[in-house]
Amino acid sequence: MVDFQGIINGINTTAAKTDNRGLCATYIPELAKVDLAKFGIHLINIQQQSFSSGDSDERFSIQSISKVFTLSMALGLVGEKLWQRVDVEPSGDPFNHLSLLEMENGIPRNPLINPGAIVVADILVSLLENPKEDFLAYVKNLANDDSIKYDEEVARSEKMTGFRNYAAANLLKSYKNLVNDVDTVLDFYFHQCSISMSCAQLANAFFMFINHGKCKKNNTFLTTRQVKRINSLMLTCGFYDEAGEFSFEVGLPGKSGVGGGIVALLPNKFCVATWSPGLNAKGNSKLGMLALERLTTQTELSIF
Ligand code: DON
């Protein structure tokens, strides 16, 4: 068997010695306060054995990683109809760009960029009785962990500076691709992004994406076909205009967030979460990407 623990320990040792760690996101003021020295990694294999190192139990803001959870919840609820309102093509643009949305008449390129995630949030706001409570309950169930919470400070902080997301939601509204009020949908969206989770909790919650839609407790959340769709979107769209580079270096589907988290996975084998709050110029965790490149190189395990 691959020595996951030995490899992960080595990755953590190298990370601890690295000075050039990128910069914390500053456009959400709460995120700028996070300690750049943090680094954590947690891997769970298909046999449900866990391996971790560093700050793997410390919670951080999952930000855009939440887009995978909202997508999976919405896809589970509405099925293939979802694709009438959001496309499945990579954008090649940063996560918050709006020019393609205008050119393509209000249909976002994919559900993992901000306008696409806002449409998915709108779908959940329409369908759920208590959207914020019900969505949080879904994430807790996936992770089999009742302690997961929204971070109200982070949600408030993003609301104060979320000008581009207001622009995206208003543009979607003008194209009739947003059913609910802009403020209601964005309140949900800012909350989903504000969820705090550790690497261990994220790796556990993503277990269903390596296990044909069944969580660690063996409850079914998605069909195998739906898991195929979400994993393929993570591969082609999970890192915005760095999706090609991530695939080239790491060779796994995954999703990043501006809180510095990344989750990546190899179906039927393992999923892994990393956290290092310093971001590169494209808004993805600098050390997280290096760590995952090292992991797939040293284990010789990737989808390719
Ligand atoms: O909407 C935003 O800008 C943030 N709540 C999420 C952005 C994000 O995490 C992009 N990811 N790399």
# chains A, B, ... in the order shown; residues from 1 in each chain; ligands from 1
call {"tool": "residues_around", "arguments": {"residues": "A:Asp241", "least_positions_apart": "3", "cutoff": "8 Å", "atoms": "only C-alpha atoms", "output": "list in words"}}
result
Ser91, Gly92, Asp93, Pro94, Phe95, Gly244 and Lys282 of chain A
call {"tool": "residues_near_ligand", "arguments": {"ligand": "ligand 1", "cutoff": "6 Å", "atoms": "only C-alpha atoms and all ligand atoms", "output": "number ranges by chain"}}
result
A: 63-64, 95, 114, 193, 256-258, 283-284
call {"tool": "atom_distance", "arguments": {"atom1": "atom CA of A:Leu202", "atom2": "atom CA of A:Thr70"}}
result
14.1 Å
call {"tool": "closest_residue", "arguments": {"among": "A:Val179, A:Ile210, A:Ala281, A:Leu265", "to": "A:Thr224", "atoms": "only C-alpha atoms"}}
result
A:Ile210
call {"tool": "closest_residue", "arguments": {"among": "A:Val154, A:Asn268, A:Thr223, A:Val2", "to": "A:Lys33", "atoms": "only C-alpha atoms"}}
result
A:Val154
call {"tool": "residues_around", "arguments": {"residues": "A:Thr296", "least_positions_apart": "6", "cutoff": "12 Å", "atoms": "only C-alpha atoms", "output": "PDB file with N, CA, C and O atoms, in the first residue's frame"}}
result
ATOM      1  N   VAL A   2       0.335   2.316  -0.615  1.00  0.00           N
ATOM      2  CA  VAL A   2       1.065   3.588  -0.660  1.00  0.00           C
ATOM      3  C   VAL A   2       1.224   4.134   0.765  1.00  0.00           C
ATOM      4  O   VAL A   2       0.290   4.063   1.567  1.00  0.00           O
ATOM      5  N   PHE A   4       0.775   6.798   2.516  1.00  0.00           N
ATOM      6  CA  PHE A   4       0.173   8.139   2.536  1.00  0.00           C
ATOM      7  C   PHE A   4       0.714   8.972   3.701  1.00  0.00           C
ATOM      8  O   PHE A   4       1.044  10.140   3.535  1.00  0.00           O
ATOM      9  N   ILE A   7       4.251  10.293   3.135  1.00  0.00           N
ATOM     10  CA  ILE A   7       4.292  11.315   2.074  1.00  0.00           C
ATOM     11  C   ILE A   7       3.697  12.633   2.594  1.00  0.00           C
ATOM     12  O   ILE A   7       4.248  13.723   2.381  1.00  0.00           O
ATOM     13  N   ILE A   8       2.589  12.523   3.311  1.00  0.00           N
ATOM     14  CA  ILE A   8       1.934  13.723   3.856  1.00  0.00           C
ATOM     15  C   ILE A   8       2.819  14.412   4.905  1.00  0.00           C
ATOM     16  O   ILE A   8       2.919  15.644   4.943  1.00  0.00           O
ATOM     17  N   ILE A  11       5.347  16.366   3.007  1.00  0.00           N
ATOM     18  CA  ILE A  11       4.739  17.570   2.409  1.00  0.00           C
ATOM     19  C   ILE A  11       4.612  18.663   3.472  1.00  0.00           C
ATOM     20  O   ILE A  11       4.922  19.834   3.240  1.00  0.00           O
ATOM     21  N   PHE A 246      -3.840  23.457 -12.880  1.00  0.00           N
ATOM     22  CA  PHE A 246      -4.066  22.501 -11.788  1.00  0.00           C
ATOM     23  C   PHE A 246      -4.123  21.078 -12.346  1.00  0.00           C
ATOM     24  O   PHE A 246      -3.531  20.150 -11.794  1.00  0.00           O
ATOM     25  N   SER A 247      -4.817  20.924 -13.464  1.00  0.00           N
ATOM     26  CA  SER A 247      -4.917  19.602 -14.075  1.00  0.00           C
ATOM     27  C   SER A 247      -3.532  19.123 -14.544  1.00  0.00           C
ATOM     28  O   SER A 247      -3.164  17.959 -14.380  1.00  0.00           O
ATOM     29  N   PHE A 248      -2.767  20.046 -15.100  1.00  0.00           N
ATOM     30  CA  PHE A 248      -1.431  19.753 -15.617  1.00  0.00           C
ATOM     31  C   PHE A 248      -0.474  19.346 -14.495  1.00  0.00           C
ATOM     32  O   PHE A 248       0.279  18.378 -14.600  1.00  0.00           O
ATOM     33  N   GLU A 249      -0.527  20.078 -13.381  1.00  0.00           N
ATOM     34  CA  GLU A 249       0.409  19.823 -12.280  1.00  0.00           C
ATOM     35  C   GLU A 249      -0.057  18.686 -11.374  1.00  0.00           C
ATOM     36  O   GLU A 249       0.750  17.900 -10.893  1.00  0.00           O
ATOM     37  N   VAL A 250      -1.367  18.645 -11.093  1.00  0.00           N
ATOM     38  CA  VAL A 250      -1.886  17.730 -10.062  1.00  0.00           C
ATOM     39  C   VAL A 250      -2.601  16.528 -10.687  1.00  0.00           C
ATOM     40  O   VAL A 250      -2.448  15.390 -10.239  1.00  0.00           O
ATOM     41  N   GLY A 251      -3.422  16.777 -11.696  1.00  0.00           N
ATOM     42  CA  GLY A 251      -4.092  15.674 -12.382  1.00  0.00           C
ATOM     43  C   GLY A 251      -5.269  15.079 -11.627  1.00  0.00           C
ATOM     44  O   GLY A 251      -5.546  13.880 -11.732  1.00  0.00           O
ATOM     45  N   LEU A 252      -5.975  15.928 -10.862  1.00  0.00           N
ATOM     46  CA  LEU A 252      -7.158  15.466 -10.126  1.00  0.00           C
ATOM     47  C   LEU A 252      -8.264  16.515 -10.252  1.00  0.00           C
ATOM     48  O   LEU A 252      -7.972  17.707 -10.322  1.00  0.00           O
ATOM     49  N   ALA A 264      -9.322  17.895  -3.361  1.00  0.00           N
ATOM     50  CA  ALA A 264      -9.090  17.196  -4.631  1.00  0.00           C
ATOM     51  C   ALA A 264      -9.348  15.714  -4.399  1.00  0.00           C
ATOM     52  O   ALA A 264      -9.294  15.231  -3.257  1.00  0.00           O
ATOM     53  N   LEU A 265      -9.642  14.993  -5.473  1.00  0.00           N
ATOM     54  CA  LEU A 265     -10.020  13.591  -5.265  1.00  0.00           C
ATOM     55  C   LEU A 265      -9.697  12.705  -6.457  1.00  0.00           C
ATOM     56  O   LEU A 265      -9.636  13.163  -7.600  1.00  0.00           O
ATOM     57  N   LEU A 266      -9.492  11.431  -6.120  1.00  0.00           N
ATOM     58  CA  LEU A 266      -9.306  10.390  -7.131  1.00  0.00           C
ATOM     59  C   LEU A 266     -10.421   9.361  -6.910  1.00  0.00           C
ATOM     60  O   LEU A 266     -10.429   8.661  -5.887  1.00  0.00           O
ATOM     61  N   PHE A 270      -9.146   8.027  -3.155  1.00  0.00           N
ATOM     62  CA  PHE A 270      -8.977   8.910  -1.984  1.00  0.00           C
ATOM     63  C   PHE A 270      -9.516  10.309  -2.274  1.00  0.00           C
ATOM     64  O   PHE A 270      -9.654  10.695  -3.439  1.00  0.00           O
ATOM     65  N   CYS A 271      -9.813  11.045  -1.200  1.00  0.00           N
ATOM     66  CA  CYS A 271      -9.955  12.495  -1.355  1.00  0.00           C
ATOM     67  C   CYS A 271      -9.087  13.162  -0.298  1.00  0.00           C
ATOM     68  O   CYS A 271      -8.803  12.590   0.760  1.00  0.00           O
ATOM     69  N   VAL A 272      -8.664  14.385  -0.624  1.00  0.00           N
ATOM     70  CA  VAL A 272      -7.668  15.059   0.195  1.00  0.00           C
ATOM     71  C   VAL A 272      -8.018  16.541   0.267  1.00  0.00           C
ATOM     72  O   VAL A 272      -8.468  17.117  -0.721  1.00  0.00           O
ATOM     73  N   MET A 289      -1.544  24.051  -3.794  1.00  0.00           N
ATOM     74  CA  MET A 289      -1.287  23.497  -5.137  1.00  0.00           C
ATOM     75  C   MET A 289       0.037  22.742  -5.165  1.00  0.00           C
ATOM     76  O   MET A 289       0.129  21.651  -5.723  1.00  0.00           O
ATOM     77  N   LEU A 290       1.066  23.327  -4.526  1.00  0.00           N
ATOM     78  CA  LEU A 290       2.372  22.654  -4.507  1.00  0.00           C
ATOM     79  C   LEU A 290       2.268  21.320  -3.767  1.00  0.00           C
ATOM     80  O   LEU A 290       2.841  20.301  -4.193  1.00  0.00           O
ATOM     81  N   SER A 302      -3.033   9.585  -9.997  1.00  0.00           N
ATOM     82  CA  SER A 302      -3.836  10.701 -10.483  1.00  0.00           C
ATOM     83  C   SER A 302      -4.852  10.102 -11.449  1.00  0.00           C
ATOM     84  O   SER A 302      -4.784   8.909 -11.734  1.00  0.00           O
ATOM     85  N   ILE A 303      -5.768  10.922 -11.970  1.00  0.00           N
ATOM     86  CA  ILE A 303      -6.745  10.323 -12.898  1.00  0.00           C
ATOM     87  C   ILE A 303      -6.085   9.979 -14.238  1.00  0.00           C
ATOM     88  O   ILE A 303      -6.694   9.310 -15.063  1.00  0.00           O
ATOM     89  N   PHE A 304      -4.873  10.428 -14.440  1.00  0.00           N
ATOM     90  CA  PHE A 304      -4.189  10.148 -15.705  1.00  0.00           C
ATOM     91  C   PHE A 304      -3.144   9.057 -15.562  1.00  0.00           C
ATOM     92  O   PHE A 304      -2.259   8.890 -16.349  1.00  0.00           O
TER      93      PHE A 304
END
call {"tool": "closest_residue", "arguments": {"among": "A:Asn105, A:Thr236, A:Thr14, A:Ser72", "to": "A:Ser53", "atoms": "only C-alpha atoms"}}
result
A:Thr14
call {"tool": "residues_around", "arguments": {"residues": "A:Leu128", "least_positions_apart": "4", "cutoff": "12 Å", "atoms": "only C-alpha atoms", "output": "list in words"}}
result
Thr70, Met73, Ala74, Leu77, Val78, Ala121, Asp122, Ile123, Leu124, Lys132, Glu133, Asp134, Phe135, Leu136, Ala137, Tyr138 and Phe188 of chain A
call {"tool": "atom_distance", "arguments": {"atom1": "atom CA of A:Leu279", "atom2": "atom CA of A:Gly260"}}
result
6.4 Å
call {"tool": "select_by_dssp", "arguments": {"residues": "stretch 47-266 of chain A", "states": "strand (DSSP E)", "output": "number ranges by chain"}}
result
A: 50-54, 60-61, 196-197, 254-256, 261-266
call {"tool": "residues_around", "arguments": {"residues": "A:Asn20", "least_positions_apart": "2", "cutoff": "12 Å", "atoms": "only C-alpha atoms", "output": "JSON, numbers by chain"}}
result
{"A": [14, 15, 16, 17, 18, 22, 23, 36, 37, 276, 278, 279, 280, 285, 286, 287, 290]}
call {"tool": "closest_residue", "arguments": {"among": "A:Leu82, A:Phe209, A:Glu89, A:Ser196", "to": "A:Ser147", "atoms": "only C-alpha atoms"}}
result
A:Ser196
call {"tool": "closest_residue", "arguments": {"among": "A:Leu71, A:Ala117, A:Leu186, A:Gly238", "to": "A:Phe163", "atoms": "only C-alpha atoms"}}
result
A:Leu186
call {"tool": "closest_residue", "arguments": {"among": "A:Ala168, A:Val88, A:Ile262, A:Ile65", "to": "A:Gly40", "atoms": "only C-alpha atoms"}}
result
A:Ile262
call {"tool": "residues_around", "arguments": {"residues": "A:Trp275", "least_positions_apart": "5", "cutoff": "9 Å", "atoms": "only C-alpha atoms", "output": "PyMOL selection string"}}
result
chain A and resi 38-41+55-56+60+198-199+259-263+285+287-288
call {"tool": "select_by_dssp", "arguments": {"residues": "stretch 38-190 of chain A", "states": "helix (DSSP H, G or I)", "output": "PyMOL selection string"}}
result
chain A and resi 63-84+99-103+114-127+131-143+152-161+163-174+182-190
